[in-house]
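Working notes for the structure below.
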Amino acid sequence: MKKILVTGGAGFIGSNFVKYILKTNTEYSVINLDLLTYAGNLENLVDIAEDPRYEFVKGDIRDSDLINELFTKYQFDTVVNFAAESHVDRSITEPEIFLTTNIIGTQTLLDASKKHWKLNPDDKYCRKYKQGVKFLQVSTDEVYGALGSTGMFTETTPLSPNSPYSASKASADMIVHAYHKTFGLPVNITRCSNNYGPYQFPEKLIPLMINNCKHEKSLPVYGDGMQIRDWLHVSDHCDAIYTVLLKGKDGEVYNIGGNNEKANIDIVKLIIKTMGKDESLIVHVQDRPGHDRRYAIDNTKITNELGWSPKYSFEKGISETIDWYLRNNEWVEKVTSGSYQEYYDKMYA
Ligand code: NAD
Ligand code: TYD
């Protein structure tokens, strides 16, 4: 049985991944470590909560005593680090938590992995680790900064992050890389484009627009709405991460994208049309400071070397996603009650 530590497994992508891995490979058991911040929600995991191959631990990736205790208790051979502060807009108003969680948290996990996986704990320069161990850092295309109207991010594109969020993720990537180079730790970094799908917190573009459309509330489009993102269904992202766990070469970075560039305004209009609402709901609001104009991922490396490519078409994915948000009203109501309203009023005042 492979023992995998998934951090941030109560968030959007992490919860989809926990369910994906339990279903896809019965040789894995999962410990999900999550602090349950505003973005973490155990409701995302009700259908597998009683699975004997699954356990939840509430805790912080910055807590090294806890992480070391968990390594001793469970003897993990794989770590997949999803835990992060993940919202660019929040990073503009509260950058500090992004630095501590995303950077220090990652370094804490790396240190524990190095300590518990090293073959000779007394040799400070030992670069040999137990067979089959792996640390996978879930990163983002945002570390590369913004593109103009042409070109794509490859794994060799220089890091040039523009928001406190992307700067914290780029810093974490560099620390992960340093642990590979300096200590020989078996790592991979995946850099994925924008995800969408079930259980995404409605502060991000697609679920926010679906939820506002449902309530016939105005749809806040930043600036001219011509910013471009490369959208990928979350299940394709989970599949790509699993592929990297199985086949990724130690120390390598793999970009993951949807081959699916769309302008924000076109996504908003598609949601309006699919939900039978009117475009008069659109309101152009003040642009996000430092807003990256365009992201686009070149998938060549993961496709050619590991045989992964996205399966979901955007049309199918978005229609299923809208349907999911409409059918799961209770979930939406729950996550948008309380502090969400406070956040929303402050953000869009
Ligand atoms: P999310 O905000 O939905 O979930 C983050 C989870 O991390 C939450 O469950 C939260 O409770 C947990 N968490 C936060 N701080 C923690 C801490 N200190 N200790 C333990 N748990 C903590 O984020 P997401 O959209 O699921 O993204 C997951 C990862 O994927 C992030 O690392 C993000 O940078 C990356 N990523 C996201 C996207 C995207 O489009 N959403 C795209 C590429 C990469
Ligand atoms: P978001 O979902 O926050 O992801 P990211 O900033 O990580 O790409 O935003 C996606 C795009 O949608 C981004 O260009 C900002 C834009 N956006 C809006 O125009 N209005 C909104 O209310 C939100 C949340 C995002």
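Just so we're on the same page: first chain in the structure tokens is A, next is B, and so on; residues restart at 1 for each chain, and ligands are numbered from 1 in the order they show up.
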
Item to check | Nearby polymer residues, ligand 1, at most 6 Å, only C-alpha atoms and all ligand atoms, as an MDAnalysis selection string | outcome: chainID A and resid 7:14 34:37 39:40 59:62 82:86 101 138:140 192:195

Just C-alpha atoms for this one: save the residues we selected as a PDB file, in the first residue's frame.
```pdb
ATOM      1  CA  THR A   7      -2.042  18.658   1.874  1.00  0.00           C
ATOM      2  CA  GLY A   8      -4.891  21.075   1.196  1.00  0.00           C
ATOM      3  CA  GLY A   9      -7.119  18.115   0.355  1.00  0.00           C
ATOM      4  CA  ALA A  10     -10.266  19.920   1.567  1.00  0.00           C
ATOM      5  CA  GLY A  11      -9.885  22.653  -1.051  1.00  0.00           C
ATOM      6  CA  PHE A  12     -11.076  22.662  -4.651  1.00  0.00           C
ATOM      7  CA  ILE A  13      -8.386  20.724  -6.513  1.00  0.00           C
ATOM      8  CA  GLY A  14      -7.144  18.783  -3.468  1.00  0.00           C
ATOM      9  CA  ASP A  34      -5.766  20.620   5.839  1.00  0.00           C
ATOM     10  CA  LEU A  35      -6.084  23.677   8.055  1.00  0.00           C
ATOM     11  CA  LEU A  36      -9.697  24.227   6.953  1.00  0.00           C
ATOM     12  CA  THR A  37      -9.285  27.909   6.148  1.00  0.00           C
ATOM     13  CA  ALA A  39     -11.313  27.737   1.312  1.00  0.00           C
ATOM     14  CA  GLY A  40     -11.252  24.282   2.912  1.00  0.00           C
ATOM     15  CA  GLY A  59      -3.500  21.014  10.844  1.00  0.00           C
ATOM     16  CA  ASP A  60      -1.104  23.513   9.387  1.00  0.00           C
ATOM     17  CA  ILE A  61       1.676  22.764   6.893  1.00  0.00           C
ATOM     18  CA  ARG A  62       3.784  25.339   8.764  1.00  0.00           C
ATOM     19  CA  PHE A  82      -1.822  21.452  -2.718  1.00  0.00           C
ATOM     20  CA  ALA A  83      -2.110  23.486   0.505  1.00  0.00           C
ATOM     21  CA  ALA A  84      -1.882  27.170  -0.286  1.00  0.00           C
ATOM     22  CA  GLU A  85      -3.526  30.515  -0.176  1.00  0.00           C
ATOM     23  CA  SER A  86      -4.697  30.505  -3.772  1.00  0.00           C
ATOM     24  CA  THR A 101       1.689  29.424   4.011  1.00  0.00           C
ATOM     25  CA  VAL A 138       1.436  21.648  -7.198  1.00  0.00           C
ATOM     26  CA  SER A 139       2.282  24.981  -8.763  1.00  0.00           C
ATOM     27  CA  THR A 140       0.775  27.334 -11.290  1.00  0.00           C
ATOM     28  CA  CYS A 192      -1.008  24.144 -14.242  1.00  0.00           C
ATOM     29  CA  SER A 193      -3.277  26.678 -15.906  1.00  0.00           C
ATOM     30  CA  ASN A 194      -6.656  27.867 -14.511  1.00  0.00           C
ATOM     31  CA  ASN A 195      -8.863  25.012 -13.311  1.00  0.00           C
TER      32      ASN A 195
END
```

Closest atom pairs, chain A residues within 10 Å of ligand 2, only C-alpha atoms and all ligand atoms, as a Markdown table:
```
| residue | atom | partner | partner_atom_place_in_ligand_line | distance |
| --- | --- | --- | --- | --- |
| A:Ser86 | CA | ligand 2 | 7 (O) | 7.5 |
| A:His87 | CA | ligand 2 | 3 (O) | 6.0 |
| A:Val88 | CA | ligand 2 | 6 (O) | 5.2 |
| A:Asp89 | CA | ligand 2 | 3 (O) | 6.6 |
| A:Arg90 | CA | ligand 2 | 3 (O) | 9.2 |
| A:Thr140 | CA | ligand 2 | 7 (O) | 8.7 |
| A:Asp141 | CA | ligand 2 | 7 (O) | 9.2 |
| A:Glu142 | CA | ligand 2 | 7 (O) | 7.3 |
| A:Ser163 | CA | ligand 2 | 6 (O) | 9.3 |
| A:Tyr165 | CA | ligand 2 | 7 (O) | 8.7 |
| A:Ser166 | CA | ligand 2 | 7 (O) | 8.7 |
| A:Ser193 | CA | ligand 2 | 8 (O) | 8.2 |
| A:Asn194 | CA | ligand 2 | 8 (O) | 6.0 |
| A:Asn195 | CA | ligand 2 | 2 (O) | 8.4 |
| A:Tyr196 | CA | ligand 2 | 2 (O) | 8.6 |
| A:Gln200 | CA | ligand 2 | 2 (O) | 9.6 |
| A:Phe201 | CA | ligand 2 | 2 (O) | 9.6 |
| A:Pro202 | CA | ligand 2 | 24 (C) | 8.1 |
| A:Glu203 | CA | ligand 2 | 24 (C) | 5.4 |
| A:Lys204 | CA | ligand 2 | 2 (O) | 3.6 |
| A:Leu205 | CA | ligand 2 | 2 (O) | 3.8 |
| A:Ile206 | CA | ligand 2 | 2 (O) | 6.5 |
| A:Pro207 | CA | ligand 2 | 2 (O) | 8.4 |
| A:Leu208 | CA | ligand 2 | 24 (C) | 6.5 |
| A:Met209 | CA | ligand 2 | 22 (O) | 7.3 |
| A:Asn212 | CA | ligand 2 | 22 (O) | 9.9 |
| A:Ser218 | CA | ligand 2 | 22 (O) | 10.0 |
| A:Leu219 | CA | ligand 2 | 22 (O) | 7.1 |
| A:Pro220 | CA | ligand 2 | 22 (O) | 4.9 |
| A:Val221 | CA | ligand 2 | 19 (O) | 3.7 |
| A:Tyr222 | CA | ligand 2 | 19 (O) | 3.8 |
| A:Gly223 | CA | ligand 2 | 19 (O) | 7.1 |
| A:Asp224 | CA | ligand 2 | 19 (O) | 8.4 |
| A:Gly225 | CA | ligand 2 | 19 (O) | 5.9 |
| A:Met226 | CA | ligand 2 | 14 (O) | 8.2 |
| A:Gln227 | CA | ligand 2 | 14 (O) | 5.2 |
| A:Ile228 | CA | ligand 2 | 14 (O) | 6.6 |
| A:Arg229 | CA | ligand 2 | 8 (O) | 6.4 |
| A:Asp230 | CA | ligand 2 | 8 (O) | 9.0 |
| A:Trp231 | CA | ligand 2 | 8 (O) | 9.4 |
| A:Lys262 | CA | ligand 2 | 11 (C) | 9.9 |
| A:Ala263 | CA | ligand 2 | 14 (O) | 8.2 |
| A:Asn264 | CA | ligand 2 | 12 (O) | 5.6 |
| A:Ile265 | CA | ligand 2 | 19 (O) | 7.6 |
| A:Ile267 | CA | ligand 2 | 12 (O) | 9.1 |
| A:Val268 | CA | ligand 2 | 19 (O) | 8.7 |
| A:Val283 | CA | ligand 2 | 20 (N) | 9.6 |
| A:His284 | CA | ligand 2 | 19 (O) | 8.1 |
| A:Val285 | CA | ligand 2 | 19 (O) | 8.1 |
| A:Gln286 | CA | ligand 2 | 19 (O) | 9.3 |
| A:Asp287 | CA | ligand 2 | 19 (O) | 7.7 |
| A:Arg288 | CA | ligand 2 | 15 (C) | 7.2 |
| A:His291 | CA | ligand 2 | 14 (O) | 6.8 |
| A:Asp292 | CA | ligand 2 | 14 (O) | 6.9 |
| A:Arg293 | CA | ligand 2 | 14 (O) | 7.1 |
| A:Arg294 | CA | ligand 2 | 14 (O) | 8.0 |
| A:Tyr295 | CA | ligand 2 | 8 (O) | 8.3 |
| A:Tyr344 | CA | ligand 2 | 22 (O) | 9.5 |
| A:Met347 | CA | ligand 2 | 22 (O) | 8.9 |
| A:Tyr348 | CA | ligand 2 | 22 (O) | 8.0 |
```

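Nearest to Ser64 of chain A of all the residues A:Asp323, A:Asp111, A:Glu94, A:Asp47 is A:Asp111, counting only C-alpha atoms.
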
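Coordinates place atom CA of Ala349 of chain A at a distance of 18.9 Å from atom CA of Ser280 of chain A.
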
Item to check | 8 Å contact set for Leu159 of chain A, only C-alpha atoms, chain neighbours under 4 positions out, as a list in words | outcome: Val143, Tyr144, Gly145 and Ala170 of chain A

Item to check | Picked from segment 53-171 of chain A by DSSP as strand (DSSP E), as an MDAnalysis selection string | outcome: chainID A and resid 54:58 78:81 134:140

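Of the listed residues A:His237, A:Arg191, A:Arg127, A:Lys214, the one whose atoms come nearest to Tyr254 of chain A is A:Arg191, with distances taken using only C-alpha atoms.
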
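Each of A:Asn102, A:Gln137, A:Asn211, A:Thr190 was compared to Pro164 of chain A using only C-alpha atoms, and A:Asn102 turns out to be the nearest.
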
Item to check | Shell around Ser171 of chain A at 9 Å using only C-alpha atoms, local window under 2 positions removed, as a ChimeraX atom specification | outcome: /A:99,102-103,143,166-169,173-176

Checklist entry - Within 10 Å of Leu270 of chain A, counting only C-alpha atoms, which residues qualify if same-chain residues fewer than 4 places away don't, as number ranges by chain? => result A: 264-266, 274-276, 279, 315, 318-319

Next on the checklist: To test your reading of the structure, identify every residue in segment 10-246 of chain A that backbone DSSP assigns to alpha helix (DSSP H), and report it as a ChimeraX atom specification.
Outcome noted: /A:12-24,64-74,88-93,95-99,105-117,164-183,205-214,234-246
